[in-house]
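Novice: Below is the file coords.pdb, with PDB, C-alpha atoms.
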```pdb
ATOM      1  CA  MET A   1     103.358 115.471 129.058
ATOM      2  CA  THR A   2     102.786 111.972 130.314
ATOM      3  CA  LEU A   3     102.802 108.898 128.087
ATOM      4  CA  SER A   4      99.020 108.664 128.198
ATOM      5  CA  SER A   5      98.575 112.301 127.187
ATOM      6  CA  ASN A   6     101.076 111.807 124.326
ATOM      7  CA  SER A   7      99.090 108.766 123.212
ATOM      8  CA  THR A   8      95.852 110.760 123.349
ATOM      9  CA  LEU A   9      97.460 113.584 121.384
ATOM     10  CA  LEU A  10      98.710 111.144 118.728
ATOM     11  CA  THR A  11      95.288 109.540 118.463
ATOM     12  CA  ALA A  12      93.687 112.958 118.083
ATOM     13  CA  THR A  13      96.104 113.894 115.298
ATOM     14  CA  ARG A  14      95.319 110.654 113.457
ATOM     15  CA  TYR A  15      91.689 111.756 113.112
ATOM     16  CA  ALA A  16      92.344 115.452 112.509
ATOM     17  CA  ASN A  17      91.340 115.457 108.856
ATOM     18  CA  GLU A  18      88.117 113.545 109.534
ATOM     19  CA  VAL A  19      87.171 116.192 112.079
ATOM     20  CA  GLY A  20      88.196 118.876 109.586
ATOM     21  CA  GLU A  21      85.955 117.322 106.944
ATOM     22  CA  ALA A  22      83.050 117.096 109.385
ATOM     23  CA  PHE A  23      83.400 120.829 110.088
ATOM     24  CA  ARG A  24      83.935 121.790 106.429
ATOM     25  CA  ALA A  25      80.484 123.424 106.181
ATOM     26  CA  LEU A  26      81.255 125.661 109.168
ATOM     27  CA  VAL A  27      84.927 126.610 108.911
ATOM     28  CA  PRO A  28      87.145 128.242 106.297
ATOM     29  CA  LYS A  29      88.755 125.950 103.727
ATOM     30  CA  SER A  30      92.149 126.763 105.250
ATOM     31  CA  ALA A  31      91.068 125.113 108.511
ATOM     32  CA  VAL A  32      90.166 121.921 106.654
ATOM     33  CA  LEU A  33      93.490 121.988 104.812
ATOM     34  CA  GLY A  34      95.227 122.555 108.141
ATOM     35  CA  SER A  35      93.558 119.440 109.521
ATOM     36  CA  TYR A  36      95.077 117.483 106.633
ATOM     37  CA  ALA A  37      98.486 118.959 107.458
ATOM     38  CA  VAL A  38      98.150 117.766 111.061
ATOM     39  CA  ALA A  39      97.110 114.279 109.931
ATOM     40  CA  THR A  40     100.031 114.161 107.483
ATOM     41  CA  VAL A  41     102.456 115.043 110.275
ATOM     42  CA  TYR A  42     101.024 112.091 112.237
ATOM     43  CA  VAL A  43     101.473 109.738 109.253
ATOM     44  CA  THR A  44     105.062 110.888 108.725
ATOM     45  CA  ALA A  45     105.937 110.665 112.426
ATOM     46  CA  ASP A  46     104.542 107.136 112.645
ATOM     47  CA  ALA A  47     106.519 106.044 109.572
ATOM     48  CA  VAL A  48     109.739 107.511 110.993
ATOM     49  CA  ASP A  49     109.054 105.843 114.354
ATOM     50  CA  LYS A  50     108.521 102.436 112.694
ATOM     51  CA  GLY A  51     111.732 102.950 110.734
ATOM     52  CA  LYS A  52     113.703 103.686 113.904
ATOM     53  CA  LYS A  53     112.240 100.609 115.603
ATOM     54  CA  ALA A  54     113.121  98.447 112.590
ATOM     55  CA  ALA A  55     116.678  99.820 112.619
ATOM     56  CA  VAL A  56     117.075  98.898 116.283
ATOM     57  CA  ALA A  57     115.475  95.475 115.795
ATOM     58  CA  HIS A  58     117.751  94.561 112.883
ATOM     59  CA  GLY A  59     120.973  95.924 114.407
ATOM     60  CA  ASP A  60     123.901  95.298 112.057
ATOM     61  CA  ASN A  61     122.254  92.398 110.237
ATOM     62  CA  PRO A  62     122.543  92.151 106.445
ATOM     63  CA  GLY A  63     119.562  93.675 104.696
ATOM     64  CA  LYS A  64     118.943  96.141 107.516
ATOM     65  CA  THR A  65     118.561  99.095 105.131
ATOM     66  CA  THR A  66     115.967  97.250 103.061
ATOM     67  CA  ARG A  67     114.011  96.194 106.139
ATOM     68  CA  VAL A  68     114.023  99.740 107.503
ATOM     69  CA  ALA A  69     112.892 101.097 104.129
ATOM     70  CA  VAL A  70     110.107  98.507 103.965
ATOM     71  CA  ALA A  71     108.947  99.448 107.488
ATOM     72  CA  VAL A  72     108.884 103.159 106.610
ATOM     73  CA  VAL A  73     107.173 102.748 103.229
ATOM     74  CA  ASP A  74     104.629 100.206 104.457
ATOM     75  CA  THR A  75     103.701 102.357 107.442
ATOM     76  CA  PHE A  76     103.527 105.563 105.431
ATOM     77  CA  VAL A  77     101.363 104.055 102.680
ATOM     78  CA  TRP A  78      99.094 102.276 105.168
ATOM     79  CA  GLN A  79      98.633 105.361 107.334
ATOM     80  CA  ALA A  80      98.166 107.683 104.347
ATOM     81  CA  LEU A  81      95.376 105.475 103.028
ATOM     82  CA  ALA A  82      93.764 104.397 106.323
ATOM     83  CA  SER A  83      94.175 107.627 108.291
ATOM     84  CA  VAL A  84      94.008 110.404 105.717
ATOM     85  CA  ILE A  85      92.869 109.666 102.168
ATOM     86  CA  ILE A  86      90.026 107.152 102.513
ATOM     87  CA  PRO A  87      88.477 108.476 105.761
ATOM     88  CA  GLY A  88      88.765 112.078 104.567
ATOM     89  CA  PHE A  89      86.991 111.223 101.328
ATOM     90  CA  THR A  90      84.368 109.163 103.178
ATOM     91  CA  ILE A  91      83.501 111.872 105.704
ATOM     92  CA  ASN A  92      83.517 114.501 102.944
ATOM     93  CA  ARG A  93      80.954 112.507 100.947
ATOM     94  CA  VAL A  94      78.815 111.677 104.005
ATOM     95  CA  CYS A  95      78.675 115.352 104.923
ATOM     96  CA  ALA A  96      77.998 116.508 101.362
ATOM     97  CA  ALA A  97      75.173 113.976 101.007
ATOM     98  CA  SER A  98      73.780 114.918 104.423
ATOM     99  CA  LEU A  99      73.747 118.618 103.615
ATOM    100  CA  TYR A 100      72.085 117.925 100.267
ATOM    101  CA  MET A 101      69.465 115.607 101.781
ATOM    102  CA  LEU A 102      68.697 118.036 104.601
ATOM    103  CA  LYS A 103      68.211 120.819 102.053
ATOM    104  CA  LYS A 104      65.811 118.671 100.018
ATOM    105  CA  SER A 105      63.895 117.121 102.923
ATOM    106  CA  THR A 106      63.662 119.878 105.543
ATOM    107  CA  LYS A 107      62.915 123.552 105.790
ATOM    108  CA  TRP A 108      65.580 124.049 108.446
ATOM    109  CA  PRO A 109      67.635 127.202 108.171
ATOM    110  CA  LEU A 110      71.117 126.810 106.655
ATOM    111  CA  PRO A 111      73.014 127.142 109.977
ATOM    112  CA  VAL A 112      70.960 124.307 111.490
ATOM    113  CA  ARG A 113      71.555 122.127 108.424
ATOM    114  CA  LYS A 114      75.308 122.835 108.584
ATOM    115  CA  TRP A 115      75.536 121.983 112.299
ATOM    116  CA  THR A 116      73.466 118.847 111.739
ATOM    117  CA  THR A 117      75.769 117.847 108.890
ATOM    118  CA  THR A 118      78.780 118.361 111.159
ATOM    119  CA  ALA A 119      77.188 116.193 113.862
ATOM    120  CA  ILE A 120      76.458 113.463 111.312
ATOM    121  CA  GLY A 121      80.038 113.613 110.052
ATOM    122  CA  LEU A 122      81.518 113.416 113.540
ATOM    123  CA  SER A 123      79.219 110.566 114.528
ATOM    124  CA  THR A 124      80.256 108.623 111.424
ATOM    125  CA  ILE A 125      83.966 108.539 112.350
ATOM    126  CA  PRO A 126      83.830 105.647 114.870
ATOM    127  CA  PHE A 127      81.891 103.484 112.425
ATOM    128  CA  ILE A 128      84.263 103.835 109.481
ATOM    129  CA  ILE A 129      87.591 103.217 111.242
ATOM    130  CA  THR A 130      87.594  99.408 111.471
ATOM    131  CA  PRO A 131      86.192  98.713 107.978
ATOM    132  CA  ILE A 132      88.692 101.131 106.424
ATOM    133  CA  ASP A 133      91.619  99.711 108.409
ATOM    134  CA  ARG A 134      90.714  96.150 107.392
ATOM    135  CA  SER A 135      90.222  97.172 103.769
ATOM    136  CA  VAL A 136      93.614  98.870 103.643
ATOM    137  CA  ASP A 137      95.218  95.793 105.217
ATOM    138  CA  TYR A 138      93.620  93.644 102.519
ATOM    139  CA  LEU A 139      94.656  96.067  99.762
ATOM    140  CA  LEU A 140      98.287  96.164 100.899
ATOM    141  CA  ASP A 141      98.404  92.410 101.575
ATOM    142  CA  SER A 142      97.148  91.879  98.016
ATOM    143  CA  SER A 143      99.582  94.277  96.396
ATOM    144  CA  LEU A 144     102.527  96.110  97.934
ATOM    145  CA  ARG A 145     103.221  93.582 100.676
ATOM    146  CA  LYS A 146     103.513  90.808  98.097
ATOM    147  CA  ILE A 147     106.517  92.680  96.705
ATOM    148  CA  TYR A 148     108.076  92.941 100.163
ATOM    149  CA  ASN A 149     107.500  89.262 100.863
ATOM    150  CA  ASP A 150     108.968  88.238  97.492
ATOM    151  CA  GLU A 151     112.106  90.256  98.278
ATOM    152  CA  GLU A 152     112.424  88.528 101.659
ATOM    153  CA  LYS A 153     112.085  85.071 100.032
ATOM    154  CA  HIS A 154     114.972  85.804  97.619
ATOM    155  CA  LYS A 155     117.443  86.650 100.398
TER     156      LYS A 155
END
```
Can you dump the structure from the file as structure tokens?
Specialist:
Amino acid sequence: MTLSSNSTLLTATRYANEVGEAFRALVPKSAVLGSYAVATVYVTADAVDKGKKAAVAHGDNPGKTTRVAVAVVDTFVWQALASVIIPGFTINRVCAASLYMLKKSTKWPLPVRKWTTTAIGLSTIPFIITPIDRSVDYLLDSSLRKIYNDEEKHK
């Protein structure tokens, strides 16, 4: 695989659970759970990658272990929230509300309502990414990253 195809594959795995949630009305529950497994592999791989990069960047400097741990934990928590937990919940609720509203407001047959719900869920993904990413940045900057910064100040 080329670098660009690896990048595309990684991007696709980041959004696997959102796609799984969008298709929840049409696929077995195991497929949705599998999409979460794929997204979790992405989160873990990114955290390990950031840890390796931090290890290289800090060489044999004092505090290297702490800085590597911070890179891994920060990346894992950020990705878990911004790539899996919050978007998965958001798409799940958008799709559930869509299916409910379509049932109440249309006489469409169930398969049409399910496919429409899936389309709504998929079309929602691009609109939720930036607000969720910014919100997770704010959340971590206001909490966990304050701990990291305090540790750095005391060294």
Novice: On this file, the PyMOL selection byres ((chain A and resi 89) around 12) gives some set of residues; write that set as a ChimeraX atom specification.
Specialist: /A:17-22,36,81-88,90-96,121,125,128,132
Novice: Report, in Å to a single decimal, how far apart CA of Asp46 in chain A and CA of Val73 in chain A are.
Specialist: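 CA of Val73 in chain A sits 10.7 Å away from CA of Asp46 in chain A.
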Novice: Which residues are close to Phe76 in chain A, i.e. within 8 Å by all atoms listed in the file, leaving aside same-chain residues fewer than 2 positions away? Reply as a ChimeraX atom specification.
Specialist: /A:43-44,46-47,72-74,78-80
Novice: Which residue out of A:Ser98, A:Gly59, A:Lys64, A:Lys107 has the minimum interatomic distance to Ala119 in chain A when all atoms listed in the file are used?
Specialist: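 So, comparing all the options, the nearest one is A:Ser98.
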Novice: Take CA of Ala45 in chain A and CA of Arg134 in chain A and report the distance between them in Å, one decimal.
Specialist: 21.6 Å
Novice: Any chance you could turn range 37-49 of chain A into a file with all heavy atoms, as an mmCIF file, in the first residue's frame?
Specialist:
```cif
data_model
loop_
_atom_site.group_PDB
_atom_site.id
_atom_site.type_symbol
_atom_site.label_atom_id
_atom_site.label_comp_id
_atom_site.auth_asym_id
_atom_site.auth_seq_id
_atom_site.Cartn_x
_atom_site.Cartn_y
_atom_site.Cartn_z
ATOM 1 N N ALA A 37 -14.970 -2.075 17.415
ATOM 2 C CA ALA A 37 -13.672 -2.745 17.550
ATOM 3 C C ALA A 37 -12.655 -2.134 16.588
ATOM 4 O O ALA A 37 -11.504 -1.868 16.958
ATOM 5 C CB ALA A 37 -13.820 -4.243 17.318
ATOM 6 N N VAL A 38 -13.080 -1.906 15.356
ATOM 7 C CA VAL A 38 -12.187 -1.292 14.356
ATOM 8 C C VAL A 38 -11.768 0.103 14.808
ATOM 9 O O VAL A 38 -10.594 0.463 14.750
ATOM 10 C CB VAL A 38 -12.868 -1.250 12.966
ATOM 11 C CG1 VAL A 38 -12.085 -0.393 11.993
ATOM 12 C CG2 VAL A 38 -13.059 -2.657 12.424
ATOM 13 N N ALA A 39 -12.710 0.894 15.274
ATOM 14 C CA ALA A 39 -12.398 2.254 15.733
ATOM 15 C C ALA A 39 -11.463 2.221 16.948
ATOM 16 O O ALA A 39 -10.568 3.060 17.064
ATOM 17 C CB ALA A 39 -13.685 3.009 16.066
ATOM 18 N N THR A 40 -11.638 1.247 17.818
ATOM 19 C CA THR A 40 -10.780 1.123 18.996
ATOM 20 C C THR A 40 -9.364 0.727 18.601
ATOM 21 O O THR A 40 -8.392 1.205 19.202
ATOM 22 C CB THR A 40 -11.384 0.124 19.997
ATOM 23 O OG1 THR A 40 -12.686 0.591 20.363
ATOM 24 C CG2 THR A 40 -10.533 -0.020 21.238
ATOM 25 N N VAL A 41 -9.225 -0.090 17.585
ATOM 26 C CA VAL A 41 -7.891 -0.426 17.070
ATOM 27 C C VAL A 41 -7.215 0.847 16.551
ATOM 28 O O VAL A 41 -6.033 1.081 16.802
ATOM 29 C CB VAL A 41 -7.963 -1.515 15.970
ATOM 30 C CG1 VAL A 41 -6.650 -1.649 15.220
ATOM 31 C CG2 VAL A 41 -8.364 -2.852 16.582
ATOM 32 N N TYR A 42 -7.959 1.689 15.849
ATOM 33 C CA TYR A 42 -7.419 2.962 15.363
ATOM 34 C C TYR A 42 -6.935 3.822 16.532
ATOM 35 O O TYR A 42 -5.827 4.364 16.506
ATOM 36 C CB TYR A 42 -8.467 3.726 14.541
ATOM 37 C CG TYR A 42 -8.089 5.175 14.333
ATOM 38 C CD1 TYR A 42 -7.169 5.521 13.354
ATOM 39 C CD2 TYR A 42 -8.602 6.179 15.144
ATOM 40 C CE1 TYR A 42 -6.789 6.849 13.173
ATOM 41 C CE2 TYR A 42 -8.229 7.494 14.978
ATOM 42 C CZ TYR A 42 -7.319 7.829 13.991
ATOM 43 O OH TYR A 42 -6.936 9.134 13.836
ATOM 44 N N VAL A 43 -7.759 3.965 17.563
ATOM 45 C CA VAL A 43 -7.424 4.789 18.725
ATOM 46 C C VAL A 43 -6.142 4.266 19.379
ATOM 47 O O VAL A 43 -5.225 5.039 19.688
ATOM 48 C CB VAL A 43 -8.594 4.791 19.744
ATOM 49 C CG1 VAL A 43 -8.179 5.372 21.085
ATOM 50 C CG2 VAL A 43 -9.785 5.544 19.169
ATOM 51 N N THR A 44 -6.070 2.972 19.564
ATOM 52 C CA THR A 44 -4.897 2.354 20.195
ATOM 53 C C THR A 44 -3.653 2.536 19.331
ATOM 54 O O THR A 44 -2.582 2.886 19.840
ATOM 55 C CB THR A 44 -5.167 0.864 20.456
ATOM 56 O OG1 THR A 44 -6.355 0.754 21.251
ATOM 57 C CG2 THR A 44 -4.007 0.201 21.164
ATOM 58 N N ALA A 45 -3.788 2.311 18.040
ATOM 59 C CA ALA A 45 -2.641 2.462 17.127
ATOM 60 C C ALA A 45 -2.132 3.900 17.122
ATOM 61 O O ALA A 45 -0.919 4.138 17.116
ATOM 62 C CB ALA A 45 -3.023 2.023 15.717
ATOM 63 N N ASP A 46 -3.041 4.865 17.140
ATOM 64 C CA ASP A 46 -2.623 6.263 17.152
ATOM 65 C C ASP A 46 -1.898 6.600 18.454
ATOM 66 O O ASP A 46 -0.885 7.298 18.447
ATOM 67 C CB ASP A 46 -3.822 7.186 16.942
ATOM 68 C CG ASP A 46 -3.408 8.623 16.657
ATOM 69 O OD1 ASP A 46 -2.388 8.835 15.960
ATOM 70 O OD2 ASP A 46 -4.102 9.537 17.132
ATOM 71 N N ALA A 47 -2.396 6.091 19.575
ATOM 72 C CA ALA A 47 -1.749 6.348 20.862
ATOM 73 C C ALA A 47 -0.345 5.737 20.898
ATOM 74 O O ALA A 47 0.608 6.386 21.356
ATOM 75 C CB ALA A 47 -2.606 5.795 21.999
ATOM 76 N N VAL A 48 -0.207 4.525 20.402
ATOM 77 C CA VAL A 48 1.110 3.876 20.351
ATOM 78 C C VAL A 48 2.047 4.667 19.440
ATOM 79 O O VAL A 48 3.212 4.904 19.782
ATOM 80 C CB VAL A 48 0.982 2.406 19.905
ATOM 81 C CG1 VAL A 48 2.337 1.799 19.578
ATOM 82 C CG2 VAL A 48 0.265 1.587 20.972
ATOM 83 N N ASP A 49 1.547 5.102 18.292
ATOM 84 C CA ASP A 49 2.353 5.883 17.355
ATOM 85 C C ASP A 49 2.848 7.182 18.002
ATOM 86 O O ASP A 49 4.021 7.535 17.889
ATOM 87 C CB ASP A 49 1.538 6.188 16.093
ATOM 88 C CG ASP A 49 2.322 7.016 15.094
ATOM 89 O OD1 ASP A 49 3.389 6.545 14.630
ATOM 90 O OD2 ASP A 49 1.868 8.135 14.775
#
```
